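Peer 1: Sending over upload26.tsv (TSV, C-alpha atoms).
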chain	number	residue	atom	x	y	z
A	13	MET	CA	8.83	-95.68	-25.91
A	14	MET	CA	12.20	-94.15	-26.72
A	15	LYS	CA	10.56	-91.93	-29.35
A	16	VAL	CA	8.01	-90.70	-26.81
A	17	LYS	CA	10.79	-89.85	-24.33
A	18	LYS	CA	12.70	-88.00	-27.04
A	19	ARG	CA	9.59	-86.02	-27.94
A	20	ILE	CA	9.04	-85.15	-24.28
A	21	SER	CA	12.68	-84.11	-23.92
A	22	LEU	CA	12.44	-81.95	-27.02
A	23	MET	CA	9.23	-80.36	-25.72
A	24	LEU	CA	10.90	-79.63	-22.38
A	25	ILE	CA	13.86	-78.00	-24.12
A	26	VAL	CA	11.54	-75.87	-26.25
A	27	CYS	CA	9.55	-74.82	-23.15
A	28	ILE	CA	12.72	-73.90	-21.27
A	29	MET	CA	13.95	-71.85	-24.23
A	30	LEU	CA	10.63	-70.03	-24.45
A	31	ILE	CA	10.70	-69.24	-20.72
A	32	LEU	CA	14.27	-67.96	-20.94
A	33	SER	CA	13.38	-65.87	-23.96
A	34	ALA	CA	10.40	-64.35	-22.13
A	35	CYS	CA	12.57	-63.58	-19.09
A	36	ALA	CA	15.15	-61.94	-21.31
A	37	GLY	CA	12.39	-59.84	-22.86
A	38	GLU	CA	11.16	-58.77	-19.44
A	39	LYS	CA	14.70	-57.87	-18.39
A	40	GLY	CA	15.09	-55.80	-21.54
A	41	LYS	CA	11.99	-53.79	-20.67
A	42	ALA	CA	13.40	-52.92	-17.26
A	43	GLY	CA	16.88	-52.35	-18.60
A	44	GLY	CA	19.28	-55.28	-18.43
A	45	LYS	CA	19.01	-56.77	-14.93
A	46	GLY	CA	15.97	-54.72	-14.05
A	47	GLU	CA	17.94	-52.43	-11.75
A	48	LEU	CA	18.38	-48.67	-11.96
A	49	THR	CA	21.36	-46.70	-10.63
A	50	ILE	CA	20.94	-43.02	-9.79
A	51	TYR	CA	23.66	-40.49	-8.99
A	52	SER	CA	22.29	-37.67	-6.84
A	53	PRO	CA	23.49	-34.93	-4.48
A	54	HIS	CA	20.00	-34.67	-2.96
A	55	THR	CA	19.25	-35.37	0.69
A	56	PRO	CA	19.31	-39.18	1.11
A	57	GLY	CA	15.86	-39.28	2.71
A	58	PHE	CA	14.34	-37.45	-0.24
A	59	SER	CA	16.02	-39.69	-2.82
A	60	GLU	CA	15.09	-42.84	-0.89
A	61	GLU	CA	11.44	-41.81	-0.83
A	62	LEU	CA	11.45	-41.26	-4.61
A	63	ALA	CA	13.27	-44.58	-5.14
A	64	LYS	CA	10.78	-46.49	-2.98
A	65	LYS	CA	7.79	-45.05	-4.84
A	66	PHE	CA	9.37	-45.83	-8.23
A	67	GLU	CA	10.11	-49.42	-7.15
A	68	GLU	CA	6.53	-49.77	-5.94
A	69	LEU	CA	5.03	-48.48	-9.21
A	70	HIS	CA	7.46	-49.98	-11.73
A	71	GLY	CA	8.93	-53.05	-10.05
A	72	ILE	CA	12.49	-51.94	-10.81
A	73	LYS	CA	15.05	-51.99	-8.03
A	74	VAL	CA	16.76	-48.62	-7.50
A	75	ASN	CA	20.29	-48.02	-6.21
A	76	VAL	CA	21.14	-44.44	-5.26
A	77	HIS	CA	24.73	-43.21	-5.03
A	78	TYR	CA	25.07	-39.98	-3.04
A	79	ALA	CA	27.83	-37.37	-3.40
A	80	GLY	CA	28.31	-33.66	-4.08
A	81	THR	CA	27.57	-32.41	-7.58
A	82	ASN	CA	31.21	-31.81	-8.55
A	83	VAL	CA	32.20	-35.25	-7.24
A	84	LEU	CA	29.44	-36.92	-9.25
A	85	VAL	CA	30.34	-35.04	-12.43
A	86	ASN	CA	33.98	-36.05	-12.08
A	87	GLN	CA	32.91	-39.65	-11.46
A	88	MET	CA	30.74	-39.69	-14.59
A	89	ILE	CA	33.62	-38.29	-16.62
A	90	ALA	CA	35.96	-40.97	-15.25
A	91	GLU	CA	33.38	-43.66	-16.10
A	92	LYS	CA	32.66	-42.46	-19.65
A	93	SER	CA	34.06	-45.61	-21.27
A	94	ASN	CA	32.00	-47.81	-18.92
A	95	PRO	CA	29.16	-45.81	-17.28
A	96	LYS	CA	27.83	-47.16	-13.99
A	97	ALA	CA	24.84	-44.83	-13.57
A	98	ASP	CA	21.60	-44.56	-15.55
A	99	ILE	CA	20.28	-41.28	-14.11
A	100	TRP	CA	21.72	-38.07	-12.72
A	101	ASN	CA	19.06	-36.43	-10.55
A	102	GLY	CA	19.59	-32.91	-9.27
A	103	GLY	CA	22.65	-30.74	-8.97
A	104	GLY	CA	21.76	-27.33	-7.57
A	105	GLY	CA	20.10	-26.14	-10.78
A	106	ILE	CA	20.79	-26.24	-14.49
A	107	LEU	CA	24.32	-24.77	-14.52
A	108	ALA	CA	26.04	-28.07	-13.76
A	109	PHE	CA	23.89	-29.83	-16.38
A	110	GLU	CA	24.60	-27.20	-19.03
A	111	SER	CA	28.30	-27.60	-18.40
A	112	ALA	CA	28.04	-31.41	-18.49
A	113	ILE	CA	26.72	-31.41	-22.06
A	114	ASP	CA	30.13	-30.40	-23.42
A	115	LYS	CA	31.68	-33.16	-21.30
A	116	ASP	CA	29.65	-35.71	-23.29
A	117	ILE	CA	28.25	-37.53	-20.25
A	118	LEU	CA	24.50	-36.97	-20.79
A	119	GLY	CA	22.10	-38.93	-22.96
A	120	GLN	CA	19.16	-37.40	-24.82
A	121	PHE	CA	15.58	-38.11	-23.79
A	122	MET	CA	12.52	-35.97	-23.12
A	123	PRO	CA	9.58	-37.36	-21.11
A	124	GLN	CA	6.30	-37.36	-23.00
A	125	SER	CA	4.64	-34.90	-20.62
A	126	ALA	CA	7.40	-32.31	-21.23
A	127	LYS	CA	7.60	-32.57	-25.02
A	128	ASP	CA	5.26	-29.60	-25.52
A	129	TRP	CA	6.90	-27.38	-22.88
A	130	ALA	CA	8.56	-24.21	-24.08
A	131	VAL	CA	12.31	-24.35	-23.52
A	132	VAL	CA	12.11	-21.02	-21.65
A	133	GLU	CA	8.94	-19.89	-19.87
A	134	ASP	CA	8.87	-16.34	-18.49
A	135	GLY	CA	12.62	-16.29	-18.04
A	136	ILE	CA	12.89	-19.78	-16.53
A	137	LYS	CA	14.66	-22.39	-18.67
A	138	MET	CA	12.46	-25.46	-18.15
A	139	LYS	CA	14.31	-28.01	-20.28
A	140	HIS	CA	17.22	-28.36	-22.67
A	141	GLU	CA	16.54	-27.52	-26.29
A	142	ASP	CA	18.18	-30.77	-27.46
A	143	ASP	CA	16.60	-32.97	-24.77
A	144	TYR	CA	19.70	-33.38	-22.58
A	145	TYR	CA	17.77	-32.65	-19.36
A	146	VAL	CA	14.33	-31.78	-18.05
A	147	GLY	CA	13.41	-29.67	-15.03
A	148	VAL	CA	11.65	-31.68	-12.34
A	149	GLN	CA	11.40	-29.01	-9.62
A	150	VAL	CA	12.03	-25.29	-9.20
A	151	GLN	CA	14.16	-23.34	-6.73
A	152	VAL	CA	14.41	-19.63	-6.01
A	153	LEU	CA	17.44	-17.65	-4.84
A	154	GLY	CA	16.50	-15.18	-2.13
A	155	PHE	CA	16.88	-14.07	1.48
A	156	ALA	CA	16.37	-16.13	4.62
A	157	TYR	CA	15.82	-14.03	7.76
A	158	ASN	CA	15.52	-14.70	11.48
A	159	THR	CA	11.93	-13.88	12.45
A	160	ASP	CA	12.87	-13.36	16.13
A	161	LEU	CA	15.32	-10.63	15.20
A	162	VAL	CA	13.90	-9.15	11.97
A	163	THR	CA	10.30	-8.39	11.02
A	164	GLU	CA	8.98	-9.14	7.54
A	165	GLU	CA	8.58	-5.40	6.98
A	166	GLU	CA	12.22	-4.74	7.91
A	167	ALA	CA	13.63	-7.59	5.83
A	168	PRO	CA	15.32	-6.69	2.51
A	169	LYS	CA	13.14	-6.99	-0.58
A	170	THR	CA	15.71	-6.26	-3.31
A	171	TRP	CA	19.39	-7.03	-3.87
A	172	GLU	CA	20.18	-3.34	-3.40
A	173	ASP	CA	18.46	-3.41	0.03
A	174	LEU	CA	21.25	-5.71	1.26
A	175	LEU	CA	23.65	-2.74	1.12
A	176	ASP	CA	21.66	-0.78	3.71
A	177	PRO	CA	24.05	0.15	6.57
A	178	LYS	CA	21.69	-1.51	9.09
A	179	TRP	CA	22.78	-4.92	7.73
A	180	LYS	CA	26.48	-4.23	8.25
A	181	GLY	CA	28.01	-7.35	9.83
A	182	GLN	CA	24.63	-9.13	9.78
A	183	ILE	CA	24.68	-10.91	6.41
A	184	GLN	CA	26.08	-14.21	5.18
A	185	PHE	CA	26.24	-15.53	1.63
A	186	PRO	CA	28.08	-18.49	0.06
A	187	ASN	CA	31.53	-18.05	-1.46
A	188	PRO	CA	31.12	-17.79	-5.27
A	189	ALA	CA	34.56	-19.37	-5.73
A	190	ALA	CA	33.18	-22.54	-4.09
A	191	SER	CA	29.40	-22.46	-4.39
A	192	GLY	CA	27.45	-22.73	-7.63
A	193	THR	CA	24.51	-21.07	-5.86
A	194	SER	CA	26.54	-17.96	-5.26
A	195	THR	CA	28.20	-17.97	-8.68
A	196	LEU	CA	24.71	-17.79	-10.15
A	197	MET	CA	23.92	-14.80	-7.92
A	198	VAL	CA	27.00	-12.93	-9.16
A	199	MET	CA	26.44	-13.71	-12.82
A	200	SER	CA	22.75	-12.82	-12.70
A	201	TYR	CA	23.55	-9.39	-11.28
A	202	MET	CA	26.25	-8.82	-13.91
A	203	MET	CA	23.91	-9.76	-16.76
A	204	LYS	CA	21.57	-6.97	-15.68
A	205	HIS	CA	24.06	-4.30	-14.58
A	206	GLY	CA	27.34	-5.14	-16.36
A	207	GLU	CA	30.55	-6.62	-14.98
A	208	GLU	CA	32.09	-3.38	-13.67
A	209	ALA	CA	28.98	-2.47	-11.68
A	210	GLY	CA	28.71	-6.07	-10.59
A	211	TRP	CA	32.19	-6.20	-9.07
A	212	GLU	CA	31.53	-2.89	-7.28
A	213	TYR	CA	28.27	-4.24	-5.86
A	214	PHE	CA	29.75	-7.49	-4.61
A	215	GLN	CA	32.70	-5.77	-2.95
A	216	LYS	CA	30.15	-3.71	-1.01
A	217	LEU	CA	28.12	-6.83	-0.21
A	218	ALA	CA	31.26	-8.63	0.98
A	219	ASP	CA	31.94	-5.68	3.28
A	220	GLN	CA	28.46	-6.15	4.77
A	221	ALA	CA	29.02	-9.83	5.56
A	222	ASN	CA	30.24	-11.33	8.82
A	223	SER	CA	31.14	-14.59	7.01
A	224	ILE	CA	31.27	-15.95	3.46
A	225	PRO	CA	31.22	-19.76	3.91
A	226	ASP	CA	31.87	-22.26	1.12
A	227	SER	CA	28.63	-24.19	1.66
A	228	GLY	CA	25.49	-23.08	-0.16
A	229	SER	CA	23.27	-23.95	2.82
A	230	ALA	CA	25.51	-22.55	5.58
A	231	PRO	CA	24.14	-18.96	5.51
A	232	THR	CA	20.58	-20.18	6.08
A	233	SER	CA	21.76	-22.38	8.96
A	234	ALA	CA	23.56	-19.37	10.42
A	235	VAL	CA	20.30	-17.41	10.31
A	236	ALA	CA	18.54	-20.21	12.21
A	237	MET	CA	21.24	-20.09	14.91
A	238	GLY	CA	21.13	-16.29	15.16
A	239	GLU	CA	24.67	-15.95	13.81
A	240	ALA	CA	23.36	-13.78	10.98
A	241	LEU	CA	20.15	-11.84	10.46
A	242	ILE	CA	20.07	-12.36	6.70
A	243	GLY	CA	21.33	-15.33	4.68
A	244	ILE	CA	21.35	-15.70	0.91
A	245	GLY	CA	20.26	-19.12	-0.31
A	246	PHE	CA	17.55	-21.13	-2.02
A	247	ASP	CA	13.95	-21.07	-0.79
A	248	PHE	CA	13.77	-24.72	0.30
A	249	MET	CA	16.71	-24.21	2.68
A	250	ALA	CA	14.71	-21.63	4.63
A	251	TYR	CA	11.47	-23.61	4.55
A	252	ASP	CA	13.27	-26.75	5.73
A	253	GLN	CA	14.54	-24.80	8.75
A	254	LYS	CA	11.09	-23.36	9.38
A	255	GLU	CA	9.53	-26.84	9.22
A	256	ARG	CA	11.97	-27.98	11.92
A	257	GLY	CA	10.63	-25.23	14.18
A	258	GLU	CA	13.41	-22.70	13.64
A	259	THR	CA	12.55	-19.00	13.56
A	260	VAL	CA	13.37	-18.62	9.87
A	261	ASP	CA	11.37	-17.35	6.91
A	262	PHE	CA	12.07	-16.44	3.29
A	263	ILE	CA	11.85	-13.32	1.16
A	264	LEU	CA	11.36	-13.61	-2.60
A	265	PRO	CA	13.30	-10.67	-4.10
A	266	ASP	CA	11.68	-8.46	-6.73
A	267	VAL	CA	13.95	-9.90	-9.46
A	268	THR	CA	16.10	-12.96	-8.80
A	269	PRO	CA	17.50	-16.16	-10.36
A	270	ILE	CA	14.87	-18.88	-10.54
A	271	LEU	CA	16.08	-22.26	-11.74
A	272	VAL	CA	14.72	-25.68	-12.46
A	273	ASN	CA	16.64	-28.51	-10.89
A	274	PRO	CA	16.89	-31.14	-13.64
A	275	ALA	CA	17.19	-34.86	-14.09
A	276	ALA	CA	18.91	-36.52	-17.06
A	277	LEU	CA	19.94	-39.81	-18.58
A	278	VAL	CA	23.59	-40.74	-18.24
A	279	LYS	CA	24.99	-41.38	-21.72
A	280	ASP	CA	25.34	-45.10	-22.49
A	281	GLY	CA	24.19	-46.07	-18.99
A	282	PRO	CA	23.62	-49.80	-18.41
A	283	ASN	CA	19.80	-49.63	-18.25
A	284	PRO	CA	18.56	-46.82	-20.51
A	285	GLU	CA	14.97	-48.09	-20.71
A	286	ALA	CA	14.68	-48.09	-16.92
A	287	GLY	CA	16.25	-44.63	-16.93
A	288	LYS	CA	13.60	-43.35	-19.35
A	289	GLU	CA	10.87	-44.81	-17.15
A	290	PHE	CA	12.36	-42.96	-14.17
A	291	LEU	CA	12.38	-39.62	-16.02
A	292	GLU	CA	8.74	-40.14	-16.96
A	293	PHE	CA	8.03	-40.99	-13.32
A	294	MET	CA	9.73	-37.80	-12.06
A	295	LEU	CA	7.09	-35.68	-13.82
A	296	SER	CA	4.20	-37.84	-12.58
A	297	LYS	CA	1.83	-36.70	-9.83
A	298	GLU	CA	3.20	-39.37	-7.49
A	299	ALA	CA	6.79	-38.10	-7.73
A	300	GLN	CA	5.79	-34.44	-7.79
A	301	GLU	CA	3.82	-34.87	-4.55
A	302	ILE	CA	6.97	-36.22	-2.89
A	303	ILE	CA	8.90	-33.24	-4.27
A	304	ALA	CA	6.31	-30.86	-2.79
A	305	ASP	CA	6.44	-32.67	0.57
A	306	TRP	CA	10.16	-31.82	0.76
A	307	ASN	CA	9.45	-28.08	0.44
A	308	LEU	CA	10.48	-27.96	-3.21
A	309	ILE	CA	8.36	-26.25	-5.86
A	310	PRO	CA	6.71	-28.84	-8.14
A	311	VAL	CA	6.33	-28.40	-11.90
A	312	HIS	CA	3.19	-30.54	-12.26
A	313	PRO	CA	0.19	-28.20	-12.66
A	314	GLU	CA	-2.05	-30.36	-10.47
A	315	VAL	CA	0.37	-30.65	-7.53
A	316	LYS	CA	0.28	-27.84	-4.99
A	317	SER	CA	3.40	-26.45	-3.38
A	318	LYS	CA	3.61	-26.92	0.41
A	319	THR	CA	5.36	-23.53	0.76
A	320	PRO	CA	4.03	-20.03	-0.02
A	321	LEU	CA	5.80	-20.19	-3.41
A	322	ASN	CA	4.37	-21.79	-6.54
A	323	LEU	CA	5.52	-21.80	-10.15
A	324	ALA	CA	2.73	-19.60	-11.51
A	325	ASP	CA	3.32	-16.79	-9.00
A	326	ILE	CA	7.12	-16.71	-9.01
A	327	LYS	CA	7.57	-16.46	-12.79
A	328	SER	CA	7.17	-12.67	-12.72
A	329	HIS	CA	10.22	-12.46	-10.41
A	330	ALA	CA	12.55	-14.45	-12.66
A	331	ALA	CA	15.77	-12.78	-13.78
A	332	ILE	CA	16.51	-13.27	-17.47
A	333	LEU	CA	19.55	-15.54	-17.72
A	334	ASP	CA	21.70	-15.71	-20.85
A	335	MET	CA	22.80	-19.32	-20.54
A	336	ASP	CA	25.34	-19.00	-23.37
A	337	TRP	CA	27.07	-16.20	-21.45
A	338	VAL	CA	26.87	-18.21	-18.23
A	339	ASN	CA	28.48	-21.24	-19.85
A	340	GLU	CA	31.22	-19.18	-21.49
A	341	ASN	CA	32.12	-17.17	-18.38
A	342	TYR	CA	31.25	-19.40	-15.41
A	343	ASP	CA	34.80	-20.53	-14.61
A	344	ARG	CA	36.29	-17.09	-15.33
A	345	ILE	CA	33.93	-15.28	-12.94
A	346	ARG	CA	34.58	-17.85	-10.17
A	347	ASN	CA	38.33	-17.43	-10.57
A	348	GLU	CA	38.16	-13.64	-10.75
A	349	TRP	CA	36.19	-13.54	-7.50
A	350	LYS	CA	39.29	-14.80	-5.67
A	351	ASP	CA	41.37	-11.92	-7.03
A	352	LYS	CA	38.88	-9.06	-7.06
A	353	ILE	CA	36.90	-9.41	-3.81
A	354	LYS	CA	38.88	-8.76	-0.62
Starting from the coordinates I provided, produce the structure as structure tokens.
Peer 2:
Amino acid sequence: MMKVKKRISLMLIVCIMLILSACAGEKGKAGGKGELTIYSPHTPGFSEELAKKFEELHGIKVNVHYAGTNVLVNQMIAEKSNPKADIWNGGGGILAFESAIDKDILGQFMPQSAKDWAVVEDGIKMKHEDDYYVGVQVQVLGFAYNTDLVTEEEAPKTWEDLLDPKWKGQIQFPNPAASGTSTLMVMSYMMKHGEEAGWEYFQKLADQANSIPDSGSAPTSAVAMGEALIGIGFDFMAYDQKERGETVDFILPDVTPILVNPAALVKDGPNPEAGKEFLEFMLSKEAQEIIADWNLIPVHPEVKSKTPLNLADIKSHAAILDMDWVNENYDRIRNEWKDKIK
């Protein structure tokens, strides 16, 4: 009888060990505890919708930490010895991600569906050449205008049109010393025309403006409130206002910066396997449909944009960006703006 009990006890121990081993294996698949932490500057509602869909499809709990891009980058740098996040999603375009590579805070992973993408397509850098990030949506720098006060025919179509005397005191654009959106605008113009011509142009543009706020979205909001006729910003900012019923629309300039907004693994994050699953998810139809619903331009070929802009049509408007020059001169141009533009 004692031998039978011992055998039963041994069998129970073996069963328990097998169950624990299986659970550990399942946890490993989902990344440690089966939870995913995302750092993102995106609108909370947008990120929450993506998180909910990912949880539904993959059974992995998602925690999203919201803050501005610069705050998140500084946090990831401070946490390098013990990273808390698995994913960094979005940051106003690729400039912040390009800069982060030298800070050694990004991991390397390329989703299967993006492995065959060209690094640069028609002037748009779609992914990093060494797999440090992948573009999950596209955004276009252009001109918001108040449709009650300006007709589509009257609205500026080129960057030079902004210097027309009729726009004197009627324009707003973000401060390049504070806004990455506006720094990109300045550097793109300089790449095409040279630095000397660039500084001359932007002094004239500053003279046209009634305000140069620090926020990248403020000029578009000012257009919606009638405080400016023209506001420089990204396309989704104008279409968000329009969707809310504001009298705002968007002009795609003849040649302009067009950027992917990327997502990336955080280097040595606690749950890398869950992070990889999330990056794969971000290029899926399910995630791309959510992206389109938020007035952002999807990169999935089978998902239609909800705005008049789509990736195939806007490529011909893309300014050629020398990312090496951008990375080398980004901080210098921002600092020089403070001294040169009065």
Peer 1: Calculated over all atoms listed in the file, which of the candidates A:Gly71, A:Pro282, A:Pro274, A:Gly105 has the smallest distance to A:Thr49?
Peer 2: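 Selected residue with least distance to A:Thr49: A:Pro282.
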Peer 1: Compare A:Asp266, A:Glu110, A:Asp98, A:Glu91 by their minimum atom-to-atom distance to A:Lys327, counting all atoms listed in the file, and give me the closest one.
Peer 2: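 Among A:Asp266, A:Glu110, A:Asp98, A:Glu91, it is A:Asp266 that comes nearest to A:Lys327.
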Peer 1: For stretch 226-232 of chain A, work out the shell of residues within 10 Å, counting only C-alpha atoms and skipping chain neighbours fewer than 2 positions away, then give it as a PyMOL selection string.
Peer 2: chain A and resi 104+155-158+183-194+223-224+234-253+260-262
Peer 1: Quick one: residues within 12 Å of A:Val338, only C-alpha atoms, excluding same-chain residues fewer than 5 positions away - as a list in words?
Peer 2: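 The contact residues come out as Ile106, Leu107, Ala108, Glu110, Ser111, Gly192, Thr195, Leu196, Met197, Val198, Met199, Ser200, Tyr201, Met202, Met203, Ile332, Leu333, Asp343, Arg344, Ile345 and Arg346 of chain A.
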Peer 1: List as a ChimeraX atom specification the protein and nucleic acid residues near A:Gly147, meaning an atom at most 12 Å away when only C-alpha atoms are counted, but skip any in the same chain fewer than 2 places from it.
Peer 2: /A:101-107,109,122-123,125-127,129-133,136-141,143-145,149-151,270-276,291-292,294-295,300,309-312
